[in-house]
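Below is one structure, written out as structure tokens, with a few remarks after it.
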Amino acid sequence: MDYESFLNPTLIWFLIGLVFLLLELVTPGLIALFFGIGAWVTTISCLFFDIGTDGQIVIFIASSLLSLVLLRNNLKKRFFIEGKSPVSLENEFIGKIAVVEQEIKINIPGRVSFKGTSWNATSDMDIAKGLPVEIIAKDSITLIVKQKQED
């Protein structure tokens with residue numbers, strides 16, 4: 001391959017689109033995705049038509065903004081809960097009930113059973129084996145629990 005083949009507008013727009021799509025993976029907001037789509041629409045246009053640089057820029061801007069306006073809200077509703085990421089591990093634990101497998105003492109970890117798995121657990125109170133506890137926080141692989149209050 002020679003140097004001139006790297007200056008092909010189709011290849012350049014394809015790579016720009018790829019960079020925007022990769023950028024979307026590391027930045028929040030669901031914005032870069034649409035500029036990647038715009039770059040790839042421009043790539044397809046360059047494949048089939050002989051378009052000058054000004055025309056390519058117009059196609060890129062128009063297709064990016066059009067896809068942003070038409071698709072962003074729909075995709076945000078589909079993949080994101082308002083104000084939260086799509087998957088929240090905290091929601092998987094906080095407020096759920098576990099059972100003490102090994103006695104928990106103040107500042108001395110014990111073990112609890114939660115969803116069929118044994119977890120390290122700490123508490124600011126003594127909790128006997130066999131009692132139900134409520135998970136109030138998670139610190140790495142240790143659950144922070146309190147004794148479940150009788151309803």
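Naming scheme: A, B, ... for chains in displayed order of the structure tokens; residues 1 onward per chain; ligands 1 onward as shown.
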Show me, as an MDAnalysis selection string, the residues that have an atom within 6 Å of range 8-13 of chain A when counting only C-alpha atoms, minus same-chain residues fewer than 4 positions from it. chainID A and resid 39 43 46
Do you have, as CSV, the list of residues of range 45-114 of chain A lying at most 7 Å from range 21-34 of chain A, each with its nearest atom pair and that distance in Å to one decimal, counting only C-alpha atoms and ordered by chain then number?
residue,atom,partner,partner_atom,distance
A:Ser64,CA,A:Phe34,CA,5.3
A:Ser67,CA,A:Phe34,CA,6.0
A:Leu68,CA,A:Phe34,CA,5.5
C-alpha atoms of the current selection, written as an mmCIF file, in the first residue's frame:
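Dumped everything to out-v7.cif:
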data_model
loop_
_atom_site.group_PDB
_atom_site.id
_atom_site.type_symbol
_atom_site.label_atom_id
_atom_site.label_comp_id
_atom_site.auth_asym_id
_atom_site.auth_seq_id
_atom_site.Cartn_x
_atom_site.Cartn_y
_atom_site.Cartn_z
ATOM 1 C CA SER A 64 -24.745 13.357 12.966
ATOM 2 C CA SER A 67 -29.368 10.922 14.167
ATOM 3 C CA LEU A 68 -28.726 12.714 17.472
#
So which residues touch range 129-137 of chain A within 12 Å, counting only C-alpha atoms, skipping near sequence neighbours fewer than 3 positions away, as number ranges by chain? A: 89-105, 110-114, 119-126, 140-150
For the residues in the current selection, export C-alpha atoms as a compact mmCIF listing (two decimals), in the first residue's frame.
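out_35.txt written:
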# COMPACT_ATOMS: atom_id res chain seq x y z
CA LEU A 89 -24.72 -3.51 41.64
CA GLU A 90 -25.68 -1.49 44.71
CA ASN A 91 -29.37 -2.08 43.91
CA GLU A 92 -28.64 -5.79 43.85
CA PHE A 93 -27.63 -5.73 47.54
CA ILE A 94 -28.89 -2.72 49.48
CA GLY A 95 -32.08 -3.37 51.44
CA LYS A 96 -32.03 -7.11 50.78
CA ILE A 97 -32.16 -9.78 53.49
CA ALA A 98 -29.36 -12.26 54.26
CA VAL A 99 -28.93 -14.88 57.01
CA VAL A 100 -25.97 -14.95 59.40
CA GLU A 101 -23.88 -18.13 58.93
CA GLN A 102 -21.06 -17.21 61.33
CA GLU A 103 -21.63 -14.90 64.30
CA ILE A 104 -20.82 -11.24 63.72
CA LYS A 105 -19.24 -9.25 66.55
CA GLY A 110 -18.62 -12.85 60.35
CA ARG A 111 -20.31 -14.47 57.37
CA VAL A 112 -23.78 -14.22 55.87
CA SER A 113 -25.59 -16.19 53.21
CA PHE A 114 -27.08 -14.11 50.41
CA TRP A 119 -20.18 -13.31 52.07
CA ASN A 120 -17.95 -11.62 54.63
CA ALA A 121 -20.07 -9.27 56.72
CA THR A 122 -19.51 -6.61 59.34
CA SER A 123 -21.84 -4.75 61.66
CA ASP A 124 -21.76 -2.17 64.40
CA MET A 125 -23.63 -4.62 66.69
CA ASP A 126 -23.33 -8.26 67.75
CA SER A 140 -15.85 -4.26 47.98
CA ILE A 141 -16.56 -7.94 48.82
CA THR A 142 -17.77 -7.30 52.37
CA LEU A 143 -21.42 -6.64 53.16
CA ILE A 144 -22.29 -4.21 55.92
CA VAL A 145 -25.41 -5.42 57.70
CA LYS A 146 -27.76 -4.63 60.57
CA GLN A 147 -30.10 -6.92 62.43
CA LYS A 148 -33.46 -7.04 60.71
CA GLN A 149 -36.15 -5.37 62.75
CA GLU A 150 -39.31 -7.37 63.36
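You will find CA of Leu75 in chain A at 19.3 Å from CA of Ala62 in chain A.
Note that CA of Lys138 in chain A and CA of Asn107 in chain A are 15.2 Å apart.
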Going by DSSP on the backbone, which residues of chain A come out as strand (DSSP E)? List them as a ChimeraX atom specification. /A:97-102,110-114,117-122,132-139,142-147
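Going from CA of Lys77 in chain A to CA of Ile61 in chain A covers 24.3 Å.
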Among the residues of range 38-129 of chain A, find those DSSP assigns to alpha helix (DSSP H) from the backbone and print them as an NGL selection string. :A and (38-48 or 53-79 or 89-93)
Quick one: write out the picked residues with N, CA and C atoms as a tab-separated table (two decimals), in the first residue's frame?
chain	number	residue	atom	x	y	z
A	38	GLY	N	-22.66	9.50	12.01
A	38	GLY	CA	-22.51	10.51	10.96
A	38	GLY	C	-21.28	10.26	10.10
A	39	ALA	N	-20.18	9.86	10.75
A	39	ALA	CA	-18.95	9.57	10.00
A	39	ALA	C	-19.15	8.36	9.09
A	40	TRP	N	-19.88	7.36	9.57
A	40	TRP	CA	-20.09	6.17	8.75
A	40	TRP	C	-21.10	6.41	7.63
A	41	VAL	N	-22.06	7.30	7.85
A	41	VAL	CA	-22.96	7.69	6.75
A	41	VAL	C	-22.13	8.41	5.68
A	42	THR	N	-21.21	9.23	6.10
A	42	THR	CA	-20.31	9.91	5.16
A	42	THR	C	-19.43	8.90	4.44
A	43	THR	N	-18.98	7.87	5.15
A	43	THR	CA	-18.19	6.80	4.52
A	43	THR	C	-18.97	6.14	3.40
A	44	ILE	N	-20.21	5.79	3.68
A	44	ILE	CA	-21.05	5.14	2.67
A	44	ILE	C	-21.30	6.07	1.49
A	45	SER	N	-21.51	7.36	1.76
A	45	SER	CA	-21.71	8.33	0.69
A	45	SER	C	-20.48	8.44	-0.20
A	46	CYS	N	-19.30	8.42	0.43
A	46	CYS	CA	-18.05	8.50	-0.34
A	46	CYS	C	-17.81	7.25	-1.18
A	47	LEU	N	-18.32	6.11	-0.73
A	47	LEU	CA	-18.17	4.88	-1.50
A	47	LEU	C	-18.93	4.94	-2.83
A	48	PHE	N	-20.11	5.55	-2.80
A	48	PHE	CA	-20.98	5.51	-3.97
A	48	PHE	C	-20.96	6.79	-4.81
A	53	THR	N	-14.74	17.73	-0.40
A	53	THR	CA	-14.55	17.86	1.05
A	53	THR	C	-15.69	18.64	1.70
A	54	ASP	N	-16.12	19.74	1.07
A	54	ASP	CA	-17.22	20.52	1.64
A	54	ASP	C	-18.49	19.68	1.75
A	55	GLY	N	-18.78	18.93	0.73
A	55	GLY	CA	-19.96	18.06	0.74
A	55	GLY	C	-19.87	16.98	1.82
A	56	GLN	N	-18.67	16.44	1.99
A	56	GLN	CA	-18.47	15.42	3.03
A	56	GLN	C	-18.73	15.99	4.42
A	57	ILE	N	-18.25	17.20	4.64
A	57	ILE	CA	-18.45	17.84	5.95
A	57	ILE	C	-19.93	18.12	6.18
A	58	VAL	N	-20.63	18.57	5.15
A	58	VAL	CA	-22.07	18.83	5.27
A	58	VAL	C	-22.81	17.53	5.57
A	59	ILE	N	-22.47	16.46	4.87
A	59	ILE	CA	-23.12	15.16	5.13
A	59	ILE	C	-22.83	14.69	6.55
A	60	PHE	N	-21.59	14.84	6.99
A	60	PHE	CA	-21.21	14.43	8.34
A	60	PHE	C	-22.01	15.19	9.39
A	61	ILE	N	-22.03	16.51	9.28
A	61	ILE	CA	-22.74	17.32	10.28
A	61	ILE	C	-24.23	17.04	10.24
A	62	ALA	N	-24.81	17.00	9.04
A	62	ALA	CA	-26.26	16.79	8.92
A	62	ALA	C	-26.67	15.42	9.45
A	63	SER	N	-25.95	14.37	9.06
A	63	SER	CA	-26.33	13.02	9.50
A	63	SER	C	-26.07	12.83	11.00
A	64	SER	N	-25.02	13.45	11.53
A	64	SER	CA	-24.75	13.36	12.97
A	64	SER	C	-25.85	14.03	13.77
A	65	LEU	N	-26.19	15.25	13.40
A	65	LEU	CA	-27.21	15.99	14.13
A	65	LEU	C	-28.59	15.36	13.96
A	66	LEU	N	-28.89	14.89	12.76
A	66	LEU	CA	-30.18	14.26	12.52
A	66	LEU	C	-30.32	12.98	13.35
A	67	SER	N	-29.29	12.15	13.36
A	67	SER	CA	-29.37	10.92	14.17
A	67	SER	C	-29.42	11.25	15.66
A	68	LEU	N	-28.70	12.29	16.07
A	68	LEU	CA	-28.73	12.71	17.47
A	68	LEU	C	-30.13	13.14	17.89
A	69	VAL	N	-30.76	13.97	17.08
A	69	VAL	CA	-32.10	14.47	17.40
A	69	VAL	C	-33.14	13.36	17.35
A	70	LEU	N	-33.06	12.48	16.37
A	70	LEU	CA	-34.09	11.46	16.18
A	70	LEU	C	-33.93	10.24	17.09
A	71	LEU	N	-32.71	9.89	17.47
A	71	LEU	CA	-32.50	8.62	18.16
A	71	LEU	C	-32.07	8.72	19.62
A	72	ARG	N	-31.47	9.83	20.04
A	72	ARG	CA	-30.87	9.88	21.38
A	72	ARG	C	-31.88	9.64	22.50
A	73	ASN	N	-32.99	10.35	22.50
A	73	ASN	CA	-33.96	10.19	23.59
A	73	ASN	C	-34.52	8.77	23.65
A	74	ASN	N	-34.78	8.20	22.49
A	74	ASN	CA	-35.31	6.83	22.44
A	74	ASN	C	-34.29	5.85	23.01
A	75	LEU	N	-33.03	5.98	22.64
A	75	LEU	CA	-32.00	5.08	23.15
A	75	LEU	C	-31.74	5.29	24.63
A	76	LYS	N	-31.79	6.54	25.10
A	76	LYS	CA	-31.59	6.79	26.53
A	76	LYS	C	-32.71	6.15	27.35
A	77	LYS	N	-33.94	6.23	26.87
A	77	LYS	CA	-35.05	5.61	27.59
A	77	LYS	C	-34.91	4.10	27.61
A	78	ARG	N	-34.41	3.55	26.53
A	78	ARG	CA	-34.31	2.10	26.41
A	78	ARG	C	-33.17	1.53	27.25
A	79	PHE	N	-32.05	2.23	27.34
A	79	PHE	CA	-30.87	1.68	27.98
A	79	PHE	C	-30.51	2.28	29.33
A	89	LEU	N	-24.94	-2.40	40.72
A	89	LEU	CA	-24.72	-3.51	41.64
A	89	LEU	C	-25.20	-3.16	43.04
A	90	GLU	N	-25.19	-1.89	43.39
A	90	GLU	CA	-25.68	-1.49	44.71
A	90	GLU	C	-27.14	-1.90	44.87
A	91	ASN	N	-27.96	-1.72	43.84
A	91	ASN	CA	-29.37	-2.08	43.91
A	91	ASN	C	-29.56	-3.57	44.11
A	92	GLU	N	-28.58	-4.34	43.72
A	92	GLU	CA	-28.64	-5.79	43.85
A	92	GLU	C	-28.50	-6.23	45.31
A	93	PHE	N	-27.93	-5.37	46.15
A	93	PHE	CA	-27.63	-5.73	47.54
A	93	PHE	C	-28.41	-4.92	48.57
